[in-house]
Every structure is written in C-alpha cells, then in structure tokens.
$ cat target_2.cif   # mmCIF, C-alpha atoms
data_target
#
loop_
_atom_site.label_atom_id
_atom_site.label_comp_id
_atom_site.auth_asym_id
_atom_site.auth_seq_id
_atom_site.Cartn_x
_atom_site.Cartn_y
_atom_site.Cartn_z
CA MET A 1 -54.92 63.62 107.47
CA SER A 2 -57.95 63.26 105.23
CA SER A 3 -56.67 65.90 102.79
CA TYR A 4 -53.66 63.75 101.87
CA PHE A 5 -55.87 60.67 101.63
CA GLU A 6 -58.14 62.49 99.17
CA LEU A 7 -55.07 63.28 97.04
CA GLY A 8 -54.05 59.64 96.74
CA ILE A 9 -51.73 59.12 99.72
CA SER A 10 -52.35 55.93 101.69
CA THR A 11 -52.76 55.93 105.47
CA ASP A 12 -49.47 54.11 106.10
CA VAL A 13 -47.51 56.65 104.04
CA ILE A 14 -49.23 59.51 105.90
CA GLU A 15 -48.39 58.03 109.29
CA PHE A 16 -44.81 57.23 108.31
CA SER A 17 -44.30 60.78 107.02
CA GLU A 18 -45.73 62.30 110.19
CA LYS A 19 -43.21 60.35 112.29
CA ILE A 20 -40.38 61.67 110.12
CA GLU A 21 -41.61 65.25 110.39
CA GLU A 22 -41.95 65.10 114.18
CA GLY A 23 -38.20 64.62 114.53
CA LEU A 24 -37.33 67.68 112.45
CA ASN A 25 -38.81 70.51 114.51
CA SER A 26 -35.50 71.87 115.83
CA ARG A 27 -33.87 71.84 112.39
CA PHE A 28 -36.84 73.56 110.84
CA SER A 29 -36.69 76.26 113.52
CA ALA A 30 -33.03 76.89 112.67
CA ILE A 31 -33.93 77.23 108.98
CA ASP A 32 -36.62 79.76 109.87
CA ARG A 33 -34.07 81.84 111.81
CA LEU A 34 -31.69 81.77 108.84
CA ALA A 35 -34.49 82.83 106.50
CA GLU A 36 -35.27 85.75 108.80
CA ARG A 37 -31.67 86.99 108.67
CA ASN A 38 -31.52 86.70 104.89
CA GLN A 39 -34.94 88.33 104.51
CA LEU A 40 -33.74 91.38 106.45
CA LYS A 41 -30.59 91.51 104.30
CA VAL A 42 -32.73 91.74 101.16
CA ILE A 43 -35.03 94.38 102.66
CA LYS A 44 -32.04 96.47 103.71
CA ALA A 45 -30.58 96.30 100.19
CA MET A 46 -33.87 97.39 98.65
CA GLN A 47 -34.20 100.27 101.06
CA LEU A 48 -30.62 101.45 100.45
CA ALA A 49 -31.32 101.44 96.69
CA ARG A 50 -34.53 103.44 97.28
CA VAL A 51 -36.64 100.98 95.30
CA SER A 52 -39.91 102.63 94.24
CA GLN A 53 -42.96 101.98 92.07
CA ALA A 54 -41.07 103.58 89.19
CA CYS A 55 -38.74 100.58 89.20
CA PHE A 56 -41.56 98.32 88.03
CA VAL A 57 -42.39 100.26 84.86
CA GLN A 58 -41.46 98.32 81.75
CA THR A 59 -39.08 99.60 79.11
CA THR A 60 -38.85 98.53 75.47
CA GLY A 61 -36.45 98.86 72.57
CA TYR A 62 -32.96 99.83 73.67
CA GLY A 63 -33.99 100.18 77.30
CA TYR A 64 -32.01 103.37 77.85
CA ASP A 65 -32.23 104.88 81.34
CA ASP A 66 -34.10 101.89 82.76
CA ILE A 67 -34.22 102.84 86.44
CA GLY A 68 -35.70 99.50 87.48
CA ARG A 69 -32.88 97.56 85.81
CA GLU A 70 -30.20 99.81 87.29
CA LYS A 71 -31.57 99.68 90.83
CA LEU A 72 -32.12 95.92 90.68
CA GLU A 73 -28.45 95.44 89.86
CA GLN A 74 -27.60 97.77 92.72
CA VAL A 75 -29.74 95.62 95.03
CA TYR A 76 -28.07 92.39 93.86
CA ALA A 77 -24.61 93.87 94.37
CA GLU A 78 -25.56 94.87 97.93
CA VAL A 79 -27.18 91.54 98.81
CA PHE A 80 -24.21 89.53 97.51
CA CYS A 81 -21.58 91.98 98.84
CA ALA A 82 -20.21 92.64 95.34
CA GLU A 83 -18.82 95.66 93.51
CA ASP A 84 -21.26 95.30 90.63
CA ALA A 85 -23.97 93.04 89.20
CA LEU A 86 -25.54 92.06 85.90
CA VAL A 87 -29.14 90.84 86.27
CA ARG A 88 -31.02 90.45 83.01
CA PRO A 89 -33.95 88.66 81.41
CA GLN A 90 -31.75 88.33 78.31
CA ILE A 91 -29.74 85.69 80.24
CA THR A 92 -31.81 82.62 79.45
CA CYS A 93 -30.67 80.12 82.11
CA GLY A 94 -27.92 79.18 84.53
CA THR A 95 -25.80 77.55 81.84
CA HIS A 96 -26.07 80.74 79.76
CA ALA A 97 -25.00 82.85 82.76
CA LEU A 98 -21.97 80.63 83.35
CA ALA A 99 -21.04 80.59 79.67
CA LEU A 100 -21.32 84.37 79.60
CA ALA A 101 -19.00 84.71 82.59
CA LEU A 102 -16.43 82.35 81.08
CA MET A 103 -16.50 83.61 77.50
CA SER A 104 -16.26 87.25 78.53
CA ASN A 105 -13.34 86.84 80.91
CA LEU A 106 -11.21 84.31 78.99
CA ARG A 107 -9.18 84.95 75.84
CA PRO A 108 -7.46 82.65 73.31
CA GLY A 109 -4.43 81.04 74.93
CA ASP A 110 -5.91 81.22 78.45
CA GLU A 111 -6.61 78.17 80.55
CA LEU A 112 -9.76 77.42 82.53
CA TYR A 113 -9.20 75.26 85.59
CA SER A 114 -11.57 73.37 87.89
CA PRO A 115 -10.15 72.22 91.24
CA VAL A 116 -13.41 70.40 92.08
CA GLY A 117 -13.53 67.85 89.29
CA LYS A 118 -15.93 67.45 86.42
CA PRO A 119 -18.38 70.31 85.83
CA TYR A 120 -22.15 69.98 85.43
CA ASP A 121 -23.17 68.14 82.25
CA THR A 122 -24.41 71.19 80.33
CA LEU A 123 -21.05 72.96 80.78
CA GLU A 124 -19.16 70.19 79.00
CA GLU A 125 -20.18 71.58 75.61
CA VAL A 126 -19.55 75.16 76.72
CA ILE A 127 -15.99 74.23 77.65
CA GLY A 128 -15.48 71.83 74.76
CA ILE A 129 -15.00 68.65 76.78
CA ARG A 130 -17.67 67.38 74.42
CA PRO A 131 -17.14 69.07 71.03
CA SER A 132 -19.78 71.67 70.28
CA ARG A 133 -20.21 74.66 68.00
CA GLY A 134 -18.92 77.86 69.64
CA SER A 135 -17.22 76.19 72.62
CA LEU A 136 -14.30 77.71 74.49
CA ALA A 137 -12.07 75.08 72.93
CA GLU A 138 -12.93 76.42 69.46
CA TYR A 139 -11.63 79.82 70.59
CA GLY A 140 -8.33 78.42 71.83
CA VAL A 141 -9.13 78.27 75.55
CA THR A 142 -7.74 75.12 77.17
CA TYR A 143 -9.18 73.30 80.16
CA ARG A 144 -7.88 71.12 82.94
CA GLN A 145 -9.32 69.79 86.17
CA THR A 146 -8.25 68.19 89.42
CA ASP A 147 -10.60 65.56 90.76
CA LEU A 148 -11.70 65.55 94.37
CA LEU A 149 -10.20 63.04 96.78
CA PRO A 150 -12.24 59.88 97.47
CA ASP A 151 -13.74 61.49 100.59
CA GLY A 152 -14.97 64.47 98.56
CA SER A 153 -12.37 66.93 99.86
CA PHE A 154 -10.01 69.10 97.82
CA ASP A 155 -6.75 67.57 96.57
CA TYR A 156 -4.55 70.48 97.61
CA ASP A 157 -1.29 68.81 96.52
CA ARG A 158 -2.48 68.36 92.93
CA ILE A 159 -4.13 71.78 92.86
CA LYS A 160 -0.81 73.39 93.75
CA THR A 161 0.96 71.77 90.81
CA ALA A 162 -1.92 72.21 88.34
CA ILE A 163 -2.13 76.02 88.47
CA ASN A 164 0.35 77.49 86.02
CA GLU A 165 1.20 80.63 84.02
CA LYS A 166 -1.68 80.02 81.58
CA THR A 167 -4.33 79.60 84.27
CA LYS A 168 -6.57 82.65 83.89
CA LEU A 169 -9.81 81.60 85.55
CA VAL A 170 -10.62 79.05 88.25
CA THR A 171 -14.21 77.79 88.38
CA ILE A 172 -15.68 76.27 91.55
CA GLN A 173 -19.02 74.50 91.29
CA ARG A 174 -20.69 74.84 94.67
CA SER A 175 -23.45 72.27 94.13
CA LYS A 176 -22.98 68.61 93.27
CA GLY A 177 -24.67 68.60 89.86
CA TYR A 178 -25.17 65.04 88.61
CA GLN A 179 -22.40 63.69 90.79
CA ILE A 180 -22.36 61.78 94.04
CA ARG A 181 -20.16 64.19 95.94
CA PRO A 182 -20.70 66.76 98.69
CA SER A 183 -21.82 70.29 97.94
CA PHE A 184 -19.44 72.87 99.37
CA SER A 185 -20.05 75.29 102.19
CA VAL A 186 -19.06 78.93 101.89
CA GLN A 187 -16.41 78.23 104.54
CA GLU A 188 -14.89 75.41 102.46
CA ILE A 189 -14.94 77.62 99.36
CA GLU A 190 -13.22 80.38 101.33
CA GLU A 191 -10.42 78.01 102.38
CA LEU A 192 -9.94 76.82 98.80
CA ILE A 193 -9.87 80.39 97.47
CA ALA A 194 -7.28 81.42 100.09
CA PHE A 195 -5.09 78.48 99.04
CA ILE A 196 -5.35 79.38 95.34
CA ARG A 197 -4.61 83.05 96.02
CA LYS A 198 -1.29 82.07 97.62
CA ILE A 199 -0.32 80.25 94.43
CA LYS A 200 -1.55 82.85 91.93
CA PRO A 201 -3.04 86.01 93.48
CA GLU A 202 -4.19 87.56 90.18
CA VAL A 203 -6.21 84.60 88.92
CA ILE A 204 -9.97 85.16 88.46
CA ILE A 205 -12.01 82.89 90.72
CA MET A 206 -15.62 82.20 89.79
CA VAL A 207 -18.19 80.28 91.84
CA ASP A 208 -21.14 78.56 90.20
CA ASN A 209 -23.64 79.54 92.89
CA CYS A 210 -26.66 77.72 91.42
CA TYR A 211 -28.89 76.22 94.14
CA GLY A 212 -26.80 77.77 96.92
CA GLU A 213 -28.22 81.27 97.32
CA PHE A 214 -29.67 82.02 100.79
CA VAL A 215 -28.88 78.52 102.07
CA GLU A 216 -26.28 80.09 104.38
CA ASP A 217 -25.91 83.59 105.79
CA ARG A 218 -22.87 84.33 103.61
CA GLU A 219 -22.34 84.20 99.85
CA PRO A 220 -19.22 83.32 97.79
CA ILE A 221 -18.14 86.93 97.13
CA GLU A 222 -17.75 87.32 100.90
CA ALA A 223 -15.46 84.28 100.77
CA GLY A 224 -13.12 86.01 98.30
CA ALA A 225 -14.55 85.01 94.90
CA ASP A 226 -14.28 87.48 92.01
CA LEU A 227 -17.51 86.27 90.41
CA ALA A 228 -20.61 84.40 91.52
CA VAL A 229 -23.14 83.27 88.95
CA GLY A 230 -26.64 81.84 89.05
CA SER A 231 -30.12 81.51 87.58
CA LEU A 232 -33.25 83.44 88.48
CA ILE A 233 -35.46 80.38 88.01
CA LYS A 234 -33.60 78.85 90.93
CA ASN A 235 -33.29 80.28 94.46
CA PRO A 236 -32.97 84.06 93.90
CA GLY A 237 -36.04 84.32 91.66
CA GLY A 238 -38.27 83.15 94.49
CA GLY A 239 -40.51 81.25 92.07
CA LEU A 240 -41.76 84.49 90.50
CA ALA A 241 -38.99 85.33 88.02
CA PRO A 242 -40.08 83.85 84.67
CA ILE A 243 -36.55 83.87 83.18
CA GLY A 244 -33.15 85.41 83.78
CA GLY A 245 -29.72 85.01 85.28
CA TYR A 246 -27.28 87.02 87.35
CA LEU A 247 -23.58 87.68 87.72
CA VAL A 248 -22.16 89.50 90.74
CA GLY A 249 -18.57 90.37 91.53
CA LYS A 250 -15.65 92.59 90.56
CA LYS A 251 -16.63 95.55 88.42
CA GLU A 252 -14.17 94.68 85.65
CA CYS A 253 -15.50 91.11 85.37
CA ILE A 254 -19.09 92.36 85.25
CA GLU A 255 -18.30 94.97 82.59
CA ASN A 256 -16.62 92.27 80.49
CA ALA A 257 -19.76 90.14 80.77
CA ALA A 258 -22.04 93.05 79.87
CA ALA A 259 -20.01 93.78 76.74
CA ARG A 260 -20.35 90.15 75.72
CA LEU A 261 -24.09 89.99 76.49
CA THR A 262 -24.94 93.09 74.44
CA SER A 263 -21.97 94.44 72.47
CA PRO A 264 -18.69 96.30 72.98
CA GLY A 265 -19.43 99.96 73.55
CA LEU A 266 -22.96 99.32 74.79
CA GLY A 267 -22.45 97.02 77.77
CA LYS A 268 -24.91 97.56 80.62
CA GLU A 269 -26.52 100.64 79.05
CA VAL A 270 -28.97 98.67 76.89
CA GLY A 271 -31.38 95.79 77.42
CA ALA A 272 -35.06 96.50 77.88
CA SER A 273 -36.65 95.02 81.00
CA LEU A 274 -39.99 94.54 79.18
CA ASN A 275 -42.50 93.61 81.89
CA VAL A 276 -40.49 91.45 84.30
CA MET A 277 -39.08 93.93 86.82
CA ARG A 278 -41.86 93.55 89.38
CA SER A 279 -41.40 89.76 89.27
CA PHE A 280 -37.63 90.10 89.63
CA TYR A 281 -37.89 92.38 92.66
CA GLN A 282 -40.71 90.51 94.36
CA GLY A 283 -39.07 87.15 93.63
CA LEU A 284 -35.82 88.30 95.27
CA PHE A 285 -37.84 89.63 98.22
CA LEU A 286 -39.48 86.20 98.69
CA ALA A 287 -36.34 84.18 97.90
CA PRO A 288 -35.10 83.63 101.48
CA ILE A 289 -38.48 82.23 102.54
CA VAL A 290 -38.92 80.12 99.41
CA THR A 291 -35.38 78.76 99.80
CA ALA A 292 -36.21 77.85 103.40
CA ALA A 293 -39.21 75.82 102.18
CA ALA A 294 -36.97 74.01 99.69
CA LEU A 295 -34.43 73.27 102.45
CA LYS A 296 -37.11 71.80 104.69
CA THR A 297 -38.33 69.64 101.82
CA ALA A 298 -34.80 68.38 101.12
CA ILE A 299 -34.19 67.51 104.76
CA PHE A 300 -37.54 65.74 104.99
CA ALA A 301 -36.71 63.73 101.85
CA ALA A 302 -33.29 62.74 103.17
CA ASN A 303 -34.68 61.53 106.48
CA LEU A 304 -37.55 59.64 104.88
CA TYR A 305 -35.51 57.81 102.26
CA GLU A 306 -32.56 57.16 104.54
CA ARG A 307 -34.98 55.52 106.97
CA LEU A 308 -36.11 53.27 104.10
CA GLY A 309 -32.51 52.22 103.44
CA TYR A 310 -31.73 54.21 100.29
CA PRO A 311 -28.35 55.97 99.92
CA VAL A 312 -28.91 59.72 100.20
CA LEU A 313 -26.62 62.72 99.82
CA PRO A 314 -26.43 64.81 101.90
CA PHE A 315 -27.09 62.36 104.73
CA ALA A 316 -30.15 63.00 106.84
CA GLU A 317 -28.28 64.76 109.66
CA GLU A 318 -25.77 66.70 107.54
CA THR A 319 -25.61 70.48 107.39
CA ARG A 320 -26.97 71.82 104.09
CA HIS A 321 -25.07 73.96 101.57
CA ASP A 322 -27.58 73.86 98.70
CA ILE A 323 -31.19 72.81 98.14
CA ILE A 324 -30.47 69.61 96.18
CA GLN A 325 -31.15 66.20 97.68
CA ALA A 326 -29.81 63.11 95.92
CA VAL A 327 -31.50 59.74 96.43
CA THR A 328 -29.95 56.68 94.78
CA PHE A 329 -32.32 53.89 93.75
CA GLY A 330 -29.92 51.48 92.06
CA LYS A 331 -32.41 50.68 89.32
CA GLU A 332 -34.06 52.59 86.50
CA GLU A 333 -37.57 51.77 87.68
CA GLY A 334 -36.97 53.44 91.03
CA LEU A 335 -35.72 56.69 89.49
CA ILE A 336 -38.67 56.82 87.11
CA ALA A 337 -41.23 56.07 89.84
CA PHE A 338 -39.79 58.78 92.07
CA CYS A 339 -40.05 61.37 89.29
CA GLU A 340 -43.59 60.23 88.49
CA GLY A 341 -44.51 60.91 92.10
CA ILE A 342 -43.05 64.42 92.08
CA GLN A 343 -44.91 65.18 88.84
CA ALA A 344 -48.18 63.82 90.23
CA ALA A 345 -47.93 66.13 93.25
CA ALA A 346 -47.37 69.29 91.21
CA PRO A 347 -49.99 72.05 90.84
CA VAL A 348 -49.33 72.21 87.08
CA ASP A 349 -49.33 69.22 84.68
CA SER A 350 -49.97 66.75 87.48
CA PHE A 351 -51.79 64.49 85.02
CA VAL A 352 -48.81 63.87 82.72
CA PHE A 353 -46.11 61.19 83.04
CA PRO A 354 -42.46 62.26 82.75
CA GLU A 355 -40.46 60.22 80.25
CA PRO A 356 -36.69 60.01 79.69
CA TRP A 357 -35.53 61.96 76.63
CA ASP A 358 -32.44 63.37 74.94
CA MET A 359 -32.34 66.83 76.50
CA PRO A 360 -30.09 69.48 74.88
CA GLY A 361 -26.71 69.69 76.60
CA TYR A 362 -26.79 66.22 78.21
CA ASP A 363 -24.91 63.10 77.14
CA ASP A 364 -27.41 60.61 78.61
CA LYS A 365 -31.18 60.47 78.48
CA VAL A 366 -32.65 62.50 81.35
CA ILE A 367 -35.97 62.14 83.11
CA MET A 368 -37.38 65.34 84.55
CA ALA A 369 -40.42 65.97 86.71
CA ALA A 370 -41.29 69.63 86.38
CA GLY A 371 -44.90 70.55 87.05
CA ALA A 372 -43.97 74.20 87.30
CA PHE A 373 -45.55 77.59 86.70
CA HIS A 374 -42.37 78.52 84.80
CA GLN A 375 -40.84 75.93 82.46
CA GLY A 376 -37.71 74.39 83.95
CA SER A 377 -37.96 76.34 87.21
CA SER A 378 -36.02 74.20 89.66
CA ILE A 379 -36.91 76.25 92.73
CA GLU A 380 -40.37 74.84 92.17
CA LEU A 381 -41.19 71.23 93.02
CA SER A 382 -38.94 69.30 90.65
CA ALA A 383 -36.73 66.25 90.28
CA ASP A 384 -34.52 64.92 87.54
CA GLY A 385 -31.71 62.53 86.88
CA PRO A 386 -29.75 60.89 84.07
CA LEU A 387 -30.69 57.35 83.12
CA ARG A 388 -27.36 55.81 83.99
CA PRO A 389 -26.14 53.78 86.98
CA PRO A 390 -26.51 54.17 89.91
CA TYR A 391 -29.87 55.77 88.91
CA THR A 392 -29.88 58.73 91.24
CA ALA A 393 -32.72 61.23 91.49
CA TYR A 394 -31.79 64.83 92.21
CA PHE A 395 -34.65 66.53 93.99
CA GLN A 396 -34.95 70.25 94.60
CA GLY A 397 -37.42 73.00 95.25
CA GLY A 398 -40.86 73.36 96.68
CA LEU A 399 -42.24 76.90 96.75
CA THR A 400 -43.92 76.09 100.05
CA TRP A 401 -43.14 73.49 102.69
CA PRO A 402 -46.60 71.81 102.48
CA SER A 403 -46.29 71.38 98.70
CA GLY A 404 -42.77 70.02 99.02
CA LYS A 405 -43.83 67.59 101.74
CA PHE A 406 -46.70 66.37 99.57
CA GLY A 407 -44.31 65.82 96.67
CA ILE A 408 -42.05 63.57 98.71
CA MET A 409 -45.01 61.65 100.11
CA MET A 410 -46.35 61.09 96.59
CA SER A 411 -42.94 59.89 95.38
CA LEU A 412 -42.96 57.25 98.10
CA GLN A 413 -46.53 56.33 97.23
CA LYS A 414 -45.54 55.68 93.61
CA LEU A 415 -42.66 53.45 94.71
CA ILE A 416 -45.05 51.45 96.89
CA ASP A 417 -47.66 51.20 94.15
CA LYS A 418 -45.02 49.76 91.80
CA ASN A 419 -43.88 47.25 94.47
CA LEU A 420 -40.45 48.87 94.68
CA VAL A 421 -40.90 49.57 98.39
CA SER A 422 -42.72 47.15 100.68
CA ARG A 423 -45.29 48.48 103.10
CA GLU A 424 -43.57 46.54 105.90
CA LYS A 425 -40.69 49.03 105.74
CA LEU A 426 -43.05 51.78 106.91
CA CYS A 427 -43.74 50.05 110.22
#
$ encode --input "target_2.cif" --output "structure tokens"
Amino acid sequence: MSSYFELGISTDVIEFSEKIEEGLNSRFSAIDRLAERNQLKVIKAMQLARVSQACFVQTTGYGYDDIGREKLEQVYAEVFCAEDALVRPQITCGTHALALALMSNLRPGDELYSPVGKPYDTLEEVIGIRPSRGSLAEYGVTYRQTDLLPDGSFDYDRIKTAINEKTKLVTIQRSKGYQIRPSFSVQEIEELIAFIRKIKPEVIIMVDNCYGEFVEDREPIEAGADLAVGSLIKNPGGGLAPIGGYLVGKKECIENAAARLTSPGLGKEVGASLNVMRSFYQGLFLAPIVTAAALKTAIFAANLYERLGYPVLPFAEETRHDIIQAVTFGKEEGLIAFCEGIQAAAPVDSFVFPEPWDMPGYDDKVIMAAGAFHQGSSIELSADGPLRPPYTAYFQGGLTWPSGKFGIMMSLQKLIDKNLVSREKLC
C-alpha cells in the first residue's frame, strides 16, 4: 500500500506483513465478538447506575457529594462484579494502586505472600525486596514467595507448605511483567484461589489485573479474588483517562484503601474529580474496543516475529490473557531497534529516539518507546524492556488496529535498516 510506503515502510516489509495478516482473520473475528460482549457489559453497568450529564461536572476542593465520582465507582463495581470500588485520579499509576491495596490491608507482623514468583520490578521497593523509604518491610510486614515450576505452572506442593498463620494477603500477578513466563487466565487464577482457600479460607487474595482487563469475558473477582487492582492509563482507561487507578473488591478492603488514600474518618467521602470524569467514563466505555485493537496488534506481532525466528511469548497460536507481547532479541541492539521503530510509528514524538535510562523503581536501565497522548500510557502504542539478557522487548497497546499494525511494521523496518534482520527472511 502506497500509504505505508510514504511513511517509510519498504515494499518487502509491506508484502510480508500482508501475508501475516491474511492468516489472522478468524482470530480477529473472535476478538471482535469478545469486545462486543464486554462493550454491552459496560453499557449495562452505566445504565444501571443512571449515568447522566451531571456526572461529568467537575468538583473542586474537598469534593463532597461528587455524584460523578460516586456513580463511576458504582459502574466499576458492576462491571467487575465487585461489592465496591475505588476509582480516583489521586491514584497516580498502577504501582501506586497496588501499593495502596497492600499498605491499607496489611499490618505490622503480617506476611505478604506471592505464589507466582517474583513481582514486577517497581513492586520490589514497595515490598522492601530492594530497600526503599516507606516500604512494607520498614513497617514490619514480611514477604515470601514461591517460584513457578519450570513449565510456568503453579507449584502447589510448595504453596501448601508456604502459607502459614502469619500469611495475611496473597498477591497474584496476572501479567508476566519483565519475566519470561506465561500470563495467567482467569480460569487458572480461579483454580489457584480455590486451592489457597482450602488451606486458609480467611486470607485476603489480591490480583494485579494490569493489562488483563477486557481480554476475557470474566474478571478476577468472578474467580474468587477479594481485590483486583489496575491502572486507568492501561486497558480500562480506553486511552482517554489522563491519570488514575482503580481497586475493586470486598467492601472492607476498599474502605481500608480509601482511608489510606485520603485519611481515617474521611475515606471515600473526599477527593475532587476536577475535570476528568468525562474522560474516565468515556474511556471505560471505549475500553473493550481499544483492548481488542491492542490484542490484534499483539497477535500480529507474535506471528510476524515468530515467523522470523525470534522467541516470542505468548507463542503465535496461544490464547491471550493480557495485551503484552514479549519478543526476545538476544542482543541489546535488537531491543533498541525495536523500540526505535515503535517510537517512529507513534502519532506523538515520532521524531525522537528512545534511549535507555535509570527509571525510578527499576534496578536496570530501561528503554521505553512511548509516543503517547498521555505520558506513560501503555494502552497506547508502546514498548519497553530492561537492558539485561536476554534483551526482551515487551510490547503493548495500540489505540486502533491500523496504528498498532503500523508500529509493528516500523519495528521490523528498523531492524532491517540496522542489518539485524536480512531481507531474505521476508521471502
């Protein structure tokens, strides 16, 4: 297509990409059907809450009697099948939302336990695995984990012996983070939760739901979790939310989090919505369709790079449980070139070159391609990865399927231009 050629994509890359896309029609149709079901779920929740124009009016100061804030949390609780929800612009990111959930529901002497191995890098300082000011460890909360088995499945024997009288909260990270391991389906999470409940019924079970919302037709609360947590600049914000995070789950857990976010005695009653409510509502409305675009982009990327011989996770034909696609290049130059391609295809800051840097919360230098309308929004076309072996890029997002497709094509073009992929492989 001449339009791609005009944007810097060579004819051989265009033709190779078209062959990949032709084989994905049935999978894309299934994604569209899933998006339709999730779209109707969101509409139903908004109608039940009687969302109106009054919900979009901004509040300031204390934010007392903010009808938009209250109804939005009602909508989130309905969509995620939860007793209650906390959805606020005062929650700055996914890591903040997770830290809020942990710090509000754990007390000195309690133990936090992960049955799925090492958490995402930015949580290491929250927990205190890497010493940091204000960590859970500083407040006397201990941590232990059970690593996954070599095949990526749960080590049920070790989990059974690890849970003890001090275990207060179990955290399950749904997505892979910066690890080469599978992301978990809601069904797998449900089986793990059922196993844990038999050992200690009263334990609080939290799911880090980042990147997983609307990828399936069920969410972790429906699988038995007490809490599910995520970021609004990922899937549920639909690319429109400029900031924010959410917690959904048991009313007591949500009230604990609200008291920690604001203050004891105030809880959910304060917190001005300023001028973001329309974006929050409209972003959630669009989220199933935007997530579908990101899923198509991830599947396209997996098929393209697997065909070229690169290790990918999930594999090209695997069922998806989040929007992240990992591609392992084996060398630093490959990771950097891939990210340069994603940046070059973005609608914002396409002219800049991403460079590895010491990002807050990470132990290694990280390169990040993020030509986004909202800084750090990973539901938009983005890719990142730590500069450490095996030099894996973690790709996610794409507000529309055409923009996501273009991003992957440009990433391949950059690899070819740097002689990291030979043109003969495209034949």
$ axis_aligned_box --input "target_2.cif" --around "segment 336-349 of chain A" --padding-each-side "6 Å" --output "AutoDock Vina command-line options"
--center_x -44.3 --center_y 64.1 --center_z 89.0 --size_x 23.3 --size_y 28.1 --size_z 20.6
$ residues_around --input "target_2.cif" --residues "Pro402 of chain A" --least-positions-apart "2" --cutoff "12 Å" --atoms "only C-alpha atoms" --output "ChimeraX atom specification"
/A:3-4,21,290,293-294,296-297,300,345-346,381,397-400,404-409
$ closest_residue --input "target_2.cif" --among "A:Thr171, A:Thr328, A:Asn38, A:Thr11" --to "Leu102 of chain A" --atoms "only C-alpha atoms"
A:Thr171
$ resolve_selection --input "target_2.cif" --expression "the PyMOL selection byres ((chain A and resi 315-327) around 7)" --output "list of chain:residue names"
A:Ser175, A:Ser183, A:Phe184, A:Ser185, A:Tyr211, A:Gly212, A:Val215, A:Glu216, A:Ala294, A:Leu295, A:Ala298, A:Ile299, A:Ala302, A:Asn303, A:Glu306, A:Tyr310, A:Pro311, A:Val312, A:Leu313, A:Pro314, A:Thr328, A:Phe329, A:Thr392, A:Ala393, A:Tyr394, A:Phe395, A:Gln396, A:Gly397
$ atom_distance --input "target_2.cif" --atom1 "atom CA of Lys71 of chain A" --atom2 "atom CA of Cys55 of chain A"
7.4 Å
$ residues_around --input "target_2.cif" --residues "Leu192 of chain A" --least-positions-apart "5" --cutoff "10 Å" --atoms "all atoms listed in the file" --output "ChimeraX atom specification"
/A:115-116,154,156,159,172,186-187,197,223-224
$ atom_distance --input "target_2.cif" --atom1 "atom CA of Met103 of chain A" --atom2 "atom CA of Lys168 of chain A"
11.8 Å
$ atom_distance --input "target_2.cif" --atom1 "atom CA of Thr59 of chain A" --atom2 "atom CA of Ser279 of chain A"
14.3 Å
$ residues_around --input "target_2.cif" --residues "Asp363 of chain A" --least-positions-apart "6" --cutoff "12 Å" --atoms "all atoms listed in the file" --output "list in words"
Tyr120, Asp121, Thr122, Leu123, Glu124, Glu125, Ile129, Arg130, Pro131, Tyr178, Trp357, Gly385, Pro386, Leu387 and Arg388 of chain A
$ write_last_selection --input "target_2.cif" --atoms "C-alpha atoms" --output "CSV table (one decimal), keeping the file's coordinate frame"
chain,number,residue,atom,x,y,z
A,120,TYR,CA,-22.2,70.0,85.4
A,121,ASP,CA,-23.2,68.1,82.2
A,122,THR,CA,-24.4,71.2,80.3
A,123,LEU,CA,-21.0,73.0,80.8
A,124,GLU,CA,-19.2,70.2,79.0
A,125,GLU,CA,-20.2,71.6,75.6
A,129,ILE,CA,-15.0,68.6,76.8
A,130,ARG,CA,-17.7,67.4,74.4
A,131,PRO,CA,-17.1,69.1,71.0
A,178,TYR,CA,-25.2,65.0,88.6
A,357,TRP,CA,-35.5,62.0,76.6
A,385,GLY,CA,-31.7,62.5,86.9
A,386,PRO,CA,-29.8,60.9,84.1
A,387,LEU,CA,-30.7,57.4,83.1
A,388,ARG,CA,-27.4,55.8,84.0
$ resolve_selection --input "target_2.cif" --expression "the PyMOL selection byres ((chain A and resi 348) around 7)" --output "compact mmCIF listing (two decimals) with C-alpha atoms, in the frame of the given file"
# COMPACT_ATOMS: atom_id res chain seq x y z
CA ALA A 346 -47.37 69.29 91.21
CA PRO A 347 -49.99 72.05 90.84
CA ASP A 349 -49.33 69.22 84.68
CA SER A 350 -49.97 66.75 87.48
CA GLY A 371 -44.90 70.55 87.05
CA ALA A 372 -43.97 74.20 87.30
CA PHE A 373 -45.55 77.59 86.70
